[in-house]
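Chemist: So here's input35.txt (compact mmCIF, C-alpha atoms and all ligand atoms).
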# COMPACT_ATOMS: atom_id res chain seq x y z
CA MET A 1 -18.41 64.21 -27.37
CA GLN A 2 -17.61 62.50 -24.06
CA THR A 3 -16.48 64.87 -21.29
CA SER A 4 -13.77 63.69 -18.90
CA PRO A 5 -14.93 61.20 -16.29
CA ILE A 6 -15.46 62.22 -12.68
CA SER A 7 -12.46 60.83 -10.80
CA PHE A 8 -12.91 58.06 -8.27
CA ASP A 9 -11.33 60.02 -5.39
CA PRO A 10 -14.45 61.64 -3.92
CA PHE A 11 -16.30 58.31 -4.15
CA SER A 12 -13.71 56.52 -2.05
CA HIS A 13 -14.97 58.47 0.98
CA LEU A 14 -18.66 57.70 0.44
CA LYS A 15 -20.46 56.01 3.29
CA ASP A 16 -22.08 52.76 2.16
CA ALA A 17 -25.63 54.06 2.57
CA GLU A 18 -24.91 57.05 0.33
CA ALA A 19 -23.16 54.83 -2.24
CA HIS A 20 -26.24 52.61 -2.43
CA GLU A 21 -28.49 55.64 -2.82
CA ARG A 22 -26.35 56.97 -5.68
CA ILE A 23 -26.23 53.55 -7.34
CA ARG A 24 -30.01 53.40 -7.31
CA ALA A 25 -30.36 56.95 -8.65
CA ALA A 26 -27.86 56.33 -11.46
CA ARG A 27 -29.58 53.08 -12.39
CA GLN A 28 -32.90 54.82 -12.58
CA LYS A 29 -31.41 57.36 -14.94
CA LEU A 30 -29.80 54.64 -17.07
CA GLY A 31 -32.86 52.38 -17.22
CA ASP A 32 -32.30 49.36 -19.43
CA ARG A 33 -29.23 50.91 -21.06
CA ALA A 34 -27.12 49.21 -18.38
CA VAL A 35 -27.26 45.63 -17.16
CA LEU A 36 -25.41 44.37 -14.07
CA LEU A 37 -24.02 40.85 -14.45
CA VAL A 38 -22.93 39.62 -11.04
CA HIS A 39 -20.89 36.51 -10.22
CA HIS A 40 -21.94 34.32 -7.28
CA TYR A 41 -18.79 35.25 -5.32
CA GLN A 42 -19.66 38.91 -5.26
CA ARG A 43 -19.97 40.54 -1.86
CA ALA A 44 -23.49 41.03 -0.51
CA ASP A 45 -23.47 44.83 -0.74
CA VAL A 46 -22.82 44.61 -4.49
CA TYR A 47 -24.86 41.45 -5.10
CA GLN A 48 -28.00 43.28 -3.96
CA HIS A 49 -27.83 45.45 -7.10
CA ARG A 50 -27.70 42.50 -9.53
CA ASP A 51 -29.81 42.11 -12.65
CA LEU A 52 -28.47 38.68 -13.55
CA THR A 53 -26.25 36.19 -11.75
CA GLY A 54 -24.53 32.97 -12.71
CA ASP A 55 -21.40 30.88 -12.90
CA SER A 56 -18.86 31.62 -15.60
CA LEU A 57 -20.67 29.59 -18.26
CA LYS A 58 -24.07 31.11 -17.58
CA LEU A 59 -22.66 34.63 -17.41
CA SER A 60 -20.88 34.21 -20.77
CA ARG A 61 -24.14 33.11 -22.35
CA LEU A 62 -26.00 36.02 -20.75
CA ALA A 63 -23.36 38.47 -21.97
CA GLY A 64 -24.01 37.25 -25.51
CA GLN A 65 -27.78 37.61 -25.13
CA THR A 66 -28.29 40.97 -23.47
CA ASP A 67 -29.13 44.03 -25.55
CA ALA A 68 -28.04 46.62 -22.98
CA GLU A 69 -25.62 49.28 -24.17
CA TYR A 70 -23.45 48.87 -21.07
CA ILE A 71 -22.60 45.48 -19.54
CA VAL A 72 -21.36 46.29 -16.06
CA PHE A 73 -19.54 43.18 -14.89
CA CYS A 74 -19.33 42.67 -11.14
CA GLY A 75 -16.86 39.83 -11.30
CA VAL A 76 -13.22 39.65 -12.32
CA HIS A 77 -11.26 40.84 -15.34
CA PHE A 78 -11.41 37.68 -17.47
CA MET A 79 -15.22 37.61 -17.11
CA ALA A 80 -15.53 41.18 -18.42
CA GLU A 81 -13.21 40.26 -21.31
CA VAL A 82 -15.50 37.35 -22.21
CA ALA A 83 -18.49 39.72 -22.07
CA ASP A 84 -16.70 42.08 -24.46
CA ILE A 85 -15.81 39.25 -26.85
CA LEU A 86 -19.27 37.65 -26.93
CA SER A 87 -21.38 40.80 -26.95
CA LYS A 88 -22.29 42.88 -30.00
CA PRO A 89 -19.65 45.34 -31.27
CA GLU A 90 -21.69 48.35 -30.17
CA GLN A 91 -22.04 47.10 -26.58
CA ILE A 92 -19.55 48.19 -23.95
CA ALA A 93 -18.22 45.90 -21.20
CA ILE A 94 -17.14 47.55 -17.96
CA LEU A 95 -15.32 46.34 -14.86
CA PRO A 96 -16.00 48.75 -11.96
CA ASP A 97 -12.50 48.26 -10.49
CA LEU A 98 -9.67 47.32 -12.84
CA ALA A 99 -7.80 45.75 -9.91
CA ALA A 100 -10.37 42.94 -9.82
CA GLY A 101 -8.21 40.31 -11.48
CA CYS A 102 -7.97 36.56 -10.92
CA SER A 103 -4.72 35.34 -9.38
CA MET A 104 -5.17 31.93 -11.02
CA ALA A 105 -5.60 33.46 -14.47
CA ASP A 106 -2.35 35.35 -13.91
CA MET A 107 -0.49 32.05 -13.43
CA ALA A 108 -0.41 31.52 -17.20
CA ASN A 109 0.55 34.05 -19.84
CA LEU A 110 1.03 33.99 -23.59
CA ALA A 111 4.84 34.09 -23.49
CA LYS A 112 4.95 31.02 -21.21
CA VAL A 113 2.31 29.11 -23.16
CA GLU A 114 4.09 29.83 -26.45
CA ARG A 115 7.38 28.63 -24.95
CA CYS A 116 5.64 25.48 -23.77
CA TRP A 117 4.26 24.96 -27.31
CA ARG A 118 7.78 25.36 -28.80
CA GLU A 119 9.17 22.83 -26.34
CA LEU A 120 6.35 20.43 -27.14
CA ARG A 121 7.22 20.84 -30.82
CA GLU A 122 10.81 19.79 -30.10
CA VAL A 123 9.65 16.66 -28.30
CA LEU A 124 6.50 15.66 -30.19
CA GLY A 125 6.89 17.15 -33.66
CA THR A 126 3.95 19.33 -34.72
CA PRO A 127 1.92 19.89 -31.53
CA ASP A 128 -1.01 21.10 -33.63
CA SER A 129 -1.66 17.53 -34.73
CA VAL A 130 -0.96 15.85 -31.37
CA VAL A 131 -2.03 18.21 -28.56
CA THR A 132 -5.31 20.12 -28.09
CA PRO A 133 -4.80 23.24 -25.97
CA VAL A 134 -7.67 23.70 -23.52
CA THR A 135 -7.87 26.84 -21.45
CA TYR A 136 -10.04 27.28 -18.42
CA ILE A 137 -12.21 30.36 -18.89
CA ASN A 138 -10.20 31.83 -15.98
CA SER A 139 -7.51 33.05 -18.34
CA ALA A 140 -6.60 36.16 -20.31
CA ALA A 141 -8.15 36.74 -23.74
CA ASP A 142 -4.83 36.18 -25.54
CA LEU A 143 -4.73 32.61 -24.19
CA LYS A 144 -8.23 32.00 -25.46
CA ALA A 145 -7.01 33.40 -28.78
CA PHE A 146 -4.05 30.98 -28.65
CA CYS A 147 -6.54 28.12 -28.29
CA GLY A 148 -8.66 29.50 -31.10
CA GLU A 149 -5.64 29.61 -33.37
CA HIS A 150 -4.37 26.14 -32.49
CA GLY A 151 -7.60 24.14 -32.77
CA GLY A 152 -8.24 24.39 -29.04
CA ILE A 153 -11.16 25.32 -26.87
CA VAL A 154 -12.24 27.02 -23.64
CA CYS A 155 -13.88 25.19 -20.73
CA THR A 156 -15.56 26.22 -17.50
CA SER A 157 -16.00 24.34 -14.26
CA SER A 158 -19.44 23.19 -15.39
CA ASN A 159 -18.51 21.67 -18.73
CA ALA A 160 -14.86 20.57 -18.40
CA PRO A 161 -15.35 16.77 -18.84
CA LYS A 162 -17.49 17.34 -21.97
CA ILE A 163 -14.86 19.68 -23.35
CA LEU A 164 -12.11 17.12 -22.68
CA ASP A 165 -14.17 14.59 -24.66
CA TRP A 166 -14.29 17.03 -27.54
CA ALA A 167 -10.56 17.65 -27.29
CA PHE A 168 -9.56 13.97 -27.11
CA ALA A 169 -11.79 13.20 -30.09
CA ARG A 170 -9.49 15.43 -32.13
CA ARG A 171 -5.95 14.83 -30.81
CA GLU A 172 -4.32 12.30 -28.51
CA LYS A 173 -3.09 14.73 -25.81
CA ILE A 174 -4.35 17.79 -23.98
CA LEU A 175 -2.42 20.77 -22.67
CA PHE A 176 -4.69 22.14 -19.93
CA PHE A 177 -4.09 25.59 -18.40
CA PRO A 178 -4.00 27.34 -16.00
CA ASP A 179 -5.74 25.24 -13.28
CA GLN A 180 -4.10 21.88 -12.68
CA HIS A 181 -6.85 20.87 -10.22
CA LEU A 182 -9.78 21.34 -12.57
CA GLY A 183 -7.78 19.54 -15.26
CA ARG A 184 -6.90 16.61 -13.03
CA TRP A 185 -10.40 16.18 -11.63
CA SER A 186 -12.00 16.39 -15.07
CA GLY A 187 -9.46 13.94 -16.53
CA HIS A 188 -10.15 11.58 -13.65
CA LYS A 189 -13.91 11.83 -14.29
CA MET A 190 -13.21 10.70 -17.85
CA GLY A 191 -11.32 7.66 -16.56
CA ILE A 192 -7.79 8.86 -17.29
CA PRO A 193 -5.37 7.33 -14.77
CA LEU A 194 -3.57 9.87 -12.56
CA ASP A 195 -0.23 8.54 -13.83
CA ASP A 196 -1.16 9.64 -17.34
CA MET A 197 -1.53 13.25 -16.19
CA VAL A 198 1.68 15.18 -15.48
CA VAL A 199 2.22 18.67 -14.11
CA TRP A 200 3.85 21.18 -16.46
CA ASP A 201 5.85 23.72 -14.44
CA PRO A 202 6.06 26.79 -16.71
CA ASP A 203 9.11 28.09 -14.85
CA LEU A 204 11.24 25.08 -15.74
CA PRO A 205 12.59 23.99 -19.14
CA TYR A 206 10.23 21.41 -20.69
CA GLY A 207 7.89 21.98 -17.77
CA GLY A 208 10.36 20.13 -15.51
CA LEU A 209 9.56 16.87 -17.35
CA THR A 210 11.70 14.40 -19.24
CA HIS A 211 11.02 13.90 -22.95
CA GLU A 212 9.81 10.41 -22.09
CA GLN A 213 7.29 11.77 -19.54
CA ILE A 214 5.98 14.24 -22.13
CA ARG A 215 5.65 11.51 -24.77
CA ARG A 216 3.81 9.16 -22.41
CA ALA A 217 1.43 11.72 -20.84
CA ARG A 218 -2.15 12.08 -22.04
CA MET A 219 -2.74 15.32 -20.15
CA LEU A 220 -0.21 18.05 -19.40
CA LEU A 221 -1.58 20.06 -16.46
CA TRP A 222 -0.28 23.60 -16.08
CA LYS A 223 1.04 24.26 -12.58
CA GLY A 224 -1.60 26.79 -11.56
CA HIS A 225 -4.20 26.90 -8.81
CA CYS A 226 -6.77 29.09 -7.09
CA SER A 227 -5.54 30.63 -3.85
CA VAL A 228 -9.05 30.45 -2.37
CA HIS A 229 -9.78 26.79 -3.15
CA GLN A 230 -6.33 25.58 -2.15
CA MET A 231 -7.29 26.35 1.46
CA PHE A 232 -9.70 23.41 1.61
CA GLN A 233 -8.25 20.15 2.91
CA PRO A 234 -9.42 16.53 3.27
CA ALA A 235 -8.94 16.93 7.05
CA HIS A 236 -11.74 19.53 7.07
CA ILE A 237 -14.05 16.98 5.45
CA ALA A 238 -13.00 14.22 7.85
CA ALA A 239 -13.73 16.45 10.88
CA TRP A 240 -17.14 17.37 9.46
CA ARG A 241 -18.08 13.75 8.77
CA LYS A 242 -17.14 12.87 12.33
CA GLN A 243 -19.38 15.64 13.68
CA TYR A 244 -22.24 15.03 11.22
CA PRO A 245 -22.17 11.42 9.98
CA ASP A 246 -25.23 12.14 7.81
CA GLY A 247 -23.77 15.42 6.49
CA ILE A 248 -23.18 15.96 2.77
CA VAL A 249 -20.05 17.48 1.23
CA ILE A 250 -20.02 19.55 -1.96
CA SER A 251 -16.96 21.19 -3.51
CA HIS A 252 -15.87 23.28 -6.44
CA PRO A 253 -13.52 21.44 -8.84
CA GLU A 254 -10.80 24.07 -8.34
CA SER A 255 -10.23 22.32 -5.01
CA ALA A 256 -7.39 19.79 -4.73
CA PHE A 257 -7.99 16.29 -6.10
CA GLU A 258 -8.08 14.79 -2.59
CA VAL A 259 -10.81 17.24 -1.55
CA CYS A 260 -12.92 16.51 -4.64
CA ALA A 261 -12.41 12.77 -4.15
CA ALA A 262 -13.61 13.00 -0.53
CA SER A 263 -16.68 15.05 -1.49
CA ASP A 264 -20.14 13.68 -2.29
CA TYR A 265 -20.71 16.20 -5.07
CA VAL A 266 -18.34 18.33 -7.15
CA GLY A 267 -19.42 21.12 -9.49
CA SER A 268 -19.53 24.76 -10.51
CA THR A 269 -20.89 27.57 -8.35
CA GLU A 270 -24.27 27.38 -10.12
CA TYR A 271 -24.34 23.60 -9.56
CA ILE A 272 -23.50 24.00 -5.87
CA LEU A 273 -26.29 26.51 -5.35
CA LYS A 274 -28.86 24.43 -7.20
CA THR A 275 -27.90 21.17 -5.47
CA VAL A 276 -28.14 22.61 -1.97
CA LYS A 277 -31.33 24.61 -2.69
CA ASP A 278 -33.02 21.54 -4.22
CA ALA A 279 -32.01 19.25 -1.34
CA ALA A 280 -34.45 17.97 1.27
CA PRO A 281 -35.26 20.18 4.27
CA GLY A 282 -33.10 19.50 7.30
CA THR A 283 -30.04 18.34 5.32
CA LYS A 284 -26.56 19.39 6.43
CA TRP A 285 -23.96 20.63 3.96
CA LEU A 286 -20.24 21.31 4.05
CA VAL A 287 -19.41 23.56 1.12
CA GLY A 288 -15.95 24.01 -0.43
CA THR A 289 -16.08 27.25 -2.35
CA GLU A 290 -15.77 30.99 -1.78
CA LEU A 291 -17.13 32.44 1.46
CA ASN A 292 -19.54 35.08 0.09
CA LEU A 293 -21.42 32.40 -1.85
CA VAL A 294 -21.51 30.04 1.10
CA SER A 295 -22.67 32.68 3.61
CA ARG A 296 -25.49 33.81 1.28
CA LEU A 297 -26.54 30.23 0.62
CA ALA A 298 -26.59 29.45 4.35
CA GLU A 299 -28.96 32.40 4.89
CA GLU A 300 -31.21 31.45 2.01
CA VAL A 301 -31.84 27.87 3.13
CA ARG A 302 -31.87 28.40 6.91
CA ASP A 303 -35.66 28.58 7.06
CA GLU A 304 -35.88 25.09 5.55
CA GLY A 305 -33.83 23.81 8.48
CA LYS A 306 -30.77 23.21 6.28
CA LEU A 307 -27.35 23.70 7.78
CA VAL A 308 -24.68 25.05 5.44
CA GLN A 309 -21.12 25.29 6.71
CA PHE A 310 -18.03 26.73 5.04
CA MET A 311 -15.32 24.10 4.55
CA SER A 312 -12.29 25.92 5.93
CA PRO A 313 -11.81 27.24 9.47
CA MET A 314 -9.91 30.13 7.82
CA VAL A 315 -11.69 32.98 6.04
CA CYS A 316 -11.07 32.59 2.31
CA MET A 317 -12.67 35.09 0.03
CA CYS A 318 -11.85 35.96 -3.52
CA SER A 319 -9.99 39.11 -2.47
CA THR A 320 -9.78 40.43 -6.02
CA MET A 321 -13.50 40.14 -6.72
CA GLN A 322 -14.00 41.81 -3.35
CA ARG A 323 -12.38 44.95 -4.82
CA ILE A 324 -15.68 45.75 -6.50
CA ASP A 325 -17.50 47.62 -3.79
CA PRO A 326 -20.53 49.95 -3.67
CA GLN A 327 -18.21 52.96 -4.01
CA HIS A 328 -16.71 51.73 -7.32
CA LEU A 329 -20.14 50.74 -8.55
CA ALA A 330 -21.59 54.18 -7.73
CA TRP A 331 -18.64 55.86 -9.48
CA THR A 332 -19.03 53.68 -12.58
CA LEU A 333 -22.79 54.09 -12.88
CA GLU A 334 -22.82 57.85 -12.24
CA ASN A 335 -20.27 58.33 -14.98
CA LEU A 336 -22.30 56.17 -17.35
CA ALA A 337 -25.48 58.03 -16.50
CA GLU A 338 -23.67 61.22 -17.55
CA GLY A 339 -22.51 59.59 -20.79
CA ARG A 340 -18.92 59.04 -19.62
CA VAL A 341 -17.52 55.55 -20.04
CA VAL A 342 -15.01 54.47 -17.39
CA ASN A 343 -13.07 51.21 -17.00
CA ARG A 344 -14.04 49.86 -20.38
CA ILE A 345 -12.71 46.36 -21.08
CA SER A 346 -11.91 46.13 -24.73
CA VAL A 347 -10.11 43.17 -26.26
CA PRO A 348 -8.18 44.07 -29.45
CA ALA A 349 -10.13 42.92 -32.52
CA HIS A 350 -7.61 40.37 -33.91
CA GLU A 351 -7.33 38.76 -30.45
CA ALA A 352 -11.09 38.87 -29.88
CA ASP A 353 -11.78 37.13 -33.21
CA LEU A 354 -9.54 34.17 -32.32
CA ALA A 355 -10.74 34.05 -28.72
CA ARG A 356 -14.35 34.05 -29.94
CA LEU A 357 -13.56 30.94 -31.99
CA SER A 358 -12.51 28.97 -28.92
CA LEU A 359 -15.40 30.34 -26.83
CA GLU A 360 -17.95 29.53 -29.51
CA ARG A 361 -16.58 26.00 -29.81
CA MET A 362 -17.19 25.69 -26.08
CA LEU A 363 -20.72 27.11 -26.23
CA GLU A 364 -21.58 24.70 -29.04
CA VAL A 365 -20.27 21.68 -27.14
CA SER A 366 -21.98 22.61 -23.88
P1 LIG A 401 -17.72 29.11 -11.72
O1 LIG A 401 -17.64 29.03 -13.21
O2 LIG A 401 -18.05 27.81 -11.10
O3 LIG A 401 -18.61 30.20 -11.29
O4 LIG A 401 -16.27 29.41 -11.18
C1 LIG A 401 -15.61 30.59 -11.42
C2 LIG A 401 -14.48 30.76 -10.52
O5 LIG A 401 -13.63 31.57 -10.71
C3 LIG A 401 -14.41 29.88 -9.37
O6 LIG A 401 -13.31 30.23 -8.61
FE1 LIG A 402 -9.85 33.43 -9.59
FE2 LIG A 402 -9.90 31.87 -7.41
FE3 LIG A 402 -11.13 34.26 -7.42
FE4 LIG A 402 -12.11 32.21 -8.83
S1 LIG A 402 -11.93 32.37 -6.59
S2 LIG A 402 -11.91 34.32 -9.54
S3 LIG A 402 -10.21 31.24 -9.51
S4 LIG A 402 -8.90 33.88 -7.61
Re-express the file's structure as structure tokens.
Modeler:
Amino acid sequence: MQTSPISFDPFSHLKDAEAHERIRAARQKLGDRAVLLVHHYQRADVYQHRDLTGDSLKLSRLAGQTDAEYIVFCGVHFMAEVADILSKPEQIAILPDLAAGCSMADMANLAKVERCWRELREVLGTPDSVVTPVTYINSAADLKAFCGEHGGIVCTSSNAPKILDWAFARREKILFFPDQHLGRWSGHKMGIPLDDMVVWDPDLPYGGLTHEQIRRARMLLWKGHCSVHQMFQPAHIAAWRKQYPDGIVISHPESAFEVCAASDYVGSTEYILKTVKDAAPGTKWLVGTELNLVSRLAEEVRDEGKLVQFMSPMVCMCSTMQRIDPQHLAWTLENLAEGRVVNRISVPAHEADLARLSLERMLEVS
């Protein structure tokens, strides 16, 4: 029988060096019973303990492939939910700090999406035959379940245009949530005119749109965004190009349309890392994504004479992912090493089954 977990309190006072020592000791005790999946935005002092890293797509695949008893997810809540959904029933997904959410994911919820669906029914008749719901993986499990139930699908930043192809092959319109920017950029990449994509404001009746606008639109883009990527501006790119006329700009598609349009390359975190690492020595890069990734990348390629600069003059980190620190990791792993499970992320079975449908559709397509 599991004894009660050691509380986090004493760990909050640990000096970093001691936390690292205790992480290493607990990992040694756990051996391959625990695997640490770490997102690219994770802070350096947690990243150093990684087993596997990736963008959201790669991490979801890895979660489905590992055999470890405990999947310790150093990322944000929706990522640990995906790990729980795609892993085997006997595996346990854990998020070292439950406060590590995603502010973008919180911009859509089931009540609002269901209201939107009812309003679409009033305007379009049966939405299930006209509109494919597509949720960005940055969303709660019940929204993935909604997509599973309504013939929809999940996408990530690395497969969004392919997923839109899949969705348009089935129905004439797409409801895309919660990130309007990823939706708009991906729609644009597929050749959909900007005028055919309208923003659905979930706080207004009918998304703030007229019935005519809803009928004419091909994509309904949920009014959501990432607070980190909204900091990047076309002016930052213009200033960089002035300073380095031969410089190259690469951005994450959660950035605003104007930023993506002014960039030379746009893609997921994994794509950004690979593109810059594979580039010729001496190249200069302006990178529009989270600061921890950019700082690490700059270090890694410095010896090849590559310059990597963060796009914004302001510090913009994913403050929620940042919540996972060595202290929380030490607390989690010590408990696990003693057979006590803390911060388990467990999606209710009926929800997980439907969410798995929409995730598996995505994995098949990509
Ligand atoms: P990636 O899938 O590109 O890693 O993006 C995840 C994310 O949350 C970016 O903000
Ligand atoms: Fe969410 Fe933005 Fe953080 Fe990505 S960077 S996890 S979208 S808040």
Chemist: At a cut-off of 9 Å and counting all atoms listed in the file, what residues surround ligand LIG 402 (chain A)? Please answer as a PyMOL selection string.
Modeler: chain A and resi 41+75-79+100-106+138+179+225-230+254+289-290+316-321
Chemist: I'd like the neighbourhood of region 156-162 of chain A as a PyMOL selection string, where a residue qualifies if any of its atoms comes within 7 Å (using all atoms listed in the file), though same-chain residues fewer than 3 positions away should be ignored.
Modeler: chain A and resi 56-57+136-137+165-166+186-187+189-190+253+267-268+366
Chemist: What separation in Å, quoted to one decimal, exists between CA of Pro96 (chain A) and CA of His328 (chain A)?
Modeler: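 If I compute the distance from CA of Pro96 (chain A) to CA of His328 (chain A), I get 5.6 Å.
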Chemist: Could you pull the residues within 12 Å of Ile192 (chain A), counting all atoms listed in the file, minus those fewer than 3 positions along the same chain, as number ranges by chain?
Modeler: A: 161, 164-165, 168, 173-174, 183-189, 195-198, 217-219
Chemist: Please, what distance in Å, to one decimal, runs between CA of Ile250 (chain A) and CA of Val287 (chain A)?
Modeler: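 Interatomic distance, CA of Ile250 (chain A) to CA of Val287 (chain A): 5.1 Å.
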